[in-house]
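Text of protein_22.cif, listed as mmCIF, C-alpha atoms and all ligand atoms; chains and numbers go by the auth columns:
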```cif
data_data
loop_
_atom_site.group_PDB
_atom_site.id
_atom_site.type_symbol
_atom_site.label_atom_id
_atom_site.label_comp_id
_atom_site.label_asym_id
_atom_site.label_seq_id
_atom_site.Cartn_x
_atom_site.Cartn_y
_atom_site.Cartn_z
_atom_site.B_iso_or_equiv
_atom_site.auth_seq_id
_atom_site.auth_asym_id
ATOM 1 C CA MET A 1 269.067 236.594 186.508 0.00 13 A
ATOM 2 C CA GLY A 2 266.263 235.707 184.133 0.00 14 A
ATOM 3 C CA GLU A 3 265.584 236.377 180.500 0.00 15 A
ATOM 4 C CA CYS A 4 262.880 238.898 181.375 0.00 16 A
ATOM 5 C CA ASP A 5 265.034 241.784 182.375 0.00 17 A
ATOM 6 C CA ASP A 6 263.033 244.918 181.697 0.00 18 A
ATOM 7 C CA THR A 7 265.428 247.218 183.474 0.00 19 A
ATOM 8 C CA GLN A 8 267.534 247.532 180.370 0.00 20 A
ATOM 9 C CA GLN A 9 267.458 250.729 178.424 0.00 21 A
ATOM 10 C CA PRO A 10 264.607 250.880 175.909 0.00 22 A
ATOM 11 C CA GLN A 11 266.781 250.222 172.946 0.00 23 A
ATOM 12 C CA GLU A 12 267.296 247.112 170.994 0.00 24 A
ATOM 13 C CA ARG A 13 268.969 244.407 172.953 0.00 25 A
ATOM 14 C CA SER A 14 271.963 243.903 170.819 0.00 26 A
ATOM 15 C CA PHE A 15 274.202 241.197 172.043 0.00 27 A
ATOM 16 C CA VAL A 16 276.425 238.508 170.722 0.00 28 A
ATOM 17 C CA GLY A 17 277.369 235.133 172.043 0.00 29 A
ATOM 18 C CA VAL A 18 280.928 234.821 173.184 0.00 30 A
ATOM 19 C CA HIS A 19 283.053 231.841 173.971 0.00 31 A
ATOM 20 C CA MET A 20 285.346 232.719 176.842 0.00 32 A
ATOM 21 C CA LYS A 21 288.465 230.738 176.227 0.00 33 A
ATOM 22 C CA CYS A 22 289.851 231.504 179.659 0.00 34 A
ATOM 23 C CA CYS A 23 287.289 229.282 181.355 0.00 35 A
ATOM 24 C CA ASN A 24 285.789 227.525 178.358 0.00 36 A
ATOM 25 C CA VAL A 25 282.317 228.917 178.987 0.00 37 A
ATOM 26 C CA TYR A 26 279.783 230.719 176.881 0.00 38 A
ATOM 27 C CA THR A 27 278.322 234.073 177.772 0.00 39 A
ATOM 28 C CA ARG A 28 276.859 237.147 176.156 0.00 40 A
ATOM 29 C CA ALA A 29 278.432 240.474 175.343 0.00 41 A
ATOM 30 C CA TYR A 30 276.119 243.453 175.100 0.00 42 A
ATOM 31 C CA LEU A 31 276.407 246.583 173.033 0.00 43 A
ATOM 32 C CA ASN A 32 277.729 249.384 175.193 0.00 44 A
ATOM 33 C CA VAL A 33 276.252 252.853 175.542 0.00 45 A
ATOM 34 C CA GLN A 34 278.497 254.299 172.885 0.00 46 A
ATOM 35 C CA ARG A 35 277.374 251.472 170.626 0.00 47 A
ATOM 36 C CA ASP A 36 280.892 250.983 169.440 0.00 48 A
ATOM 37 C CA ALA A 37 281.724 247.769 171.196 0.00 49 A
ATOM 38 C CA PHE A 38 280.247 244.685 172.765 0.00 50 A
ATOM 39 C CA VAL A 39 281.265 244.242 176.361 0.00 51 A
ATOM 40 C CA GLY A 40 280.887 241.158 178.488 0.00 52 A
ATOM 41 C CA TRP A 41 282.325 239.448 181.506 0.00 53 A
ATOM 42 C CA CYS A 42 283.388 235.911 182.067 0.00 54 A
ATOM 43 C CA PRO A 43 280.896 234.368 184.517 0.00 55 A
ATOM 44 C CA ARG A 44 283.627 232.388 186.193 0.00 56 A
ATOM 45 C CA CYS A 45 286.705 234.554 186.524 0.00 57 A
ATOM 46 C CA ALA A 46 284.997 237.907 185.852 0.00 58 A
ATOM 47 C CA GLY A 47 287.507 238.715 183.177 0.00 59 A
ATOM 48 C CA GLN A 48 286.238 241.429 180.891 0.00 60 A
ATOM 49 C CA MET A 49 286.135 241.111 177.169 0.00 61 A
ATOM 50 C CA ARG A 50 285.450 243.762 174.583 0.00 62 A
ATOM 51 C CA ILE A 51 284.665 243.471 170.913 0.00 63 A
ATOM 52 C CA ARG A 52 284.793 246.548 168.806 0.00 64 A
ATOM 53 C CA VAL A 53 281.880 247.075 166.485 0.00 65 A
ATOM 54 C CA VAL A 54 282.894 247.655 162.941 0.00 66 A
ATOM 55 C CA GLU A 55 280.560 250.141 161.333 0.00 67 A
ATOM 56 C CA GLU A 56 279.060 249.777 157.895 0.00 68 A
ATOM 57 C CA GLY A 57 280.569 247.062 155.851 0.00 69 A
ATOM 58 C CA GLY A 58 281.844 245.342 158.929 0.00 70 A
ATOM 59 C CA THR A 59 281.241 241.851 160.094 0.00 71 A
ATOM 60 C CA ASP A 60 277.737 240.671 160.732 0.00 72 A
ATOM 61 C CA ALA A 61 278.971 237.789 162.793 0.00 73 A
ATOM 62 C CA ARG A 62 276.855 236.972 165.800 0.00 74 A
ATOM 63 C CA PHE A 63 279.372 234.875 167.591 0.00 75 A
ATOM 64 C CA PHE A 64 282.829 235.623 168.804 0.00 76 A
ATOM 65 C CA GLU A 65 285.626 234.119 170.783 0.00 77 A
ATOM 66 C CA ALA A 66 287.418 235.946 173.522 0.00 78 A
ATOM 67 C CA SER A 67 290.698 234.973 175.033 0.00 79 A
HETATM 68 ZN ZN ZN B . 287.232 233.194 182.643 0.00 101 B
#
```
Translate this file's structure into structure tokens.
Ligand SMILES: [Zn+2]
Amino acid sequence: MGECDDTQQPQERSFVGVHMKCCNVYTRAYLNVQRDAFVGWCPRCAGQMRIRVVEEGGTDARFFEAS
């Protein structure tokens, strides 16, 4: 539950902030194992969101909105 989670895999902690429109809350979406998408869950309704990672030349945005 804290910010000191060392159980993660020893790779860079890539994540983005996401605004969950469904419940109007902010959460984080983490890069999945395949490293092709950020995946996160709404902390209130547990709805899953997924953001595809665009490879080279893609967006470098660090913040997204999920509906
Ligand atoms: Zn929600």
Picked residues, the PyMOL selection byres (((not hetatm)) within 6 of (chain B and resi 101)), as a list in words: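 Selected by the PyMOL selection byres (((not hetatm)) within 6 of (chain B and resi 101)) here: Cys34, Cys35, Cys54, Arg56, Cys57 and Gly59 of chain A.
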Hits from the PyMOL selection byres (((chain A and resi 75) around 12) and not hetatm), listed as an MDAnalysis selection string: chainID A and resid 27:32 38:42 50 63 71:74 76:78
Non-local contacts of A:Arg64 (10 Å; all atoms listed in the file; under 2 positions in same chain excluded) as a ChimeraX atom specification: /A:43-44,47-51,62,66-67
Padding 4 Å on each side, edges along x, y and z: where is the centre of the box around the listed atoms of stretch 52-59 of chain A, and how long are its edges in Å to one decimal? Output it as lines of an AutoDock Vina configuration file.
```
center_x = 284.2
center_y = 236.8
center_z = 182.5
size_x = 14.6
size_y = 16.8
size_z = 16.0
```
Could you pull stretch 37-49 of chain A out of the block above and save it with N, CA and C atoms, as a compact mmCIF listing (two decimals), in the first residue's frame?
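Full text of part.txt as output:
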```txt
# COMPACT_ATOMS: atom_id res chain seq x y z
N VAL A 37 -11.59 9.88 -10.25
CA VAL A 37 -10.47 9.70 -9.35
C VAL A 37 -9.19 9.53 -10.16
N TYR A 38 -8.09 9.77 -9.50
CA TYR A 38 -6.81 9.61 -10.16
C TYR A 38 -6.12 8.35 -9.67
N THR A 39 -5.47 7.66 -10.58
CA THR A 39 -4.74 6.47 -10.20
C THR A 39 -3.54 6.32 -11.13
N ARG A 40 -2.85 5.22 -11.00
CA ARG A 40 -1.69 4.99 -11.85
C ARG A 40 -1.90 3.75 -12.71
N ALA A 41 -1.36 3.81 -13.89
CA ALA A 41 -1.38 2.64 -14.78
C ALA A 41 0.07 2.25 -15.03
N TYR A 42 0.35 0.99 -14.82
CA TYR A 42 1.73 0.51 -14.96
C TYR A 42 1.96 -0.23 -16.26
N LEU A 43 3.19 -0.16 -16.72
CA LEU A 43 3.56 -0.87 -17.94
C LEU A 43 3.43 -2.36 -17.70
N ASN A 44 2.78 -3.04 -18.62
CA ASN A 44 2.59 -4.48 -18.44
C ASN A 44 3.85 -5.25 -18.82
N VAL A 45 3.78 -6.56 -18.64
CA VAL A 45 4.95 -7.41 -18.89
C VAL A 45 5.40 -7.33 -20.35
N GLN A 46 4.45 -7.27 -21.22
CA GLN A 46 4.80 -7.21 -22.65
C GLN A 46 5.34 -5.83 -23.03
N ARG A 47 5.19 -4.89 -22.09
CA ARG A 47 5.64 -3.53 -22.32
C ARG A 47 4.99 -2.90 -23.54
N ASP A 48 3.78 -3.28 -23.79
CA ASP A 48 3.09 -2.68 -24.93
C ASP A 48 1.85 -1.90 -24.52
N ALA A 49 1.61 -1.87 -23.22
CA ALA A 49 0.44 -1.13 -22.76
C ALA A 49 0.57 -0.82 -21.27
```
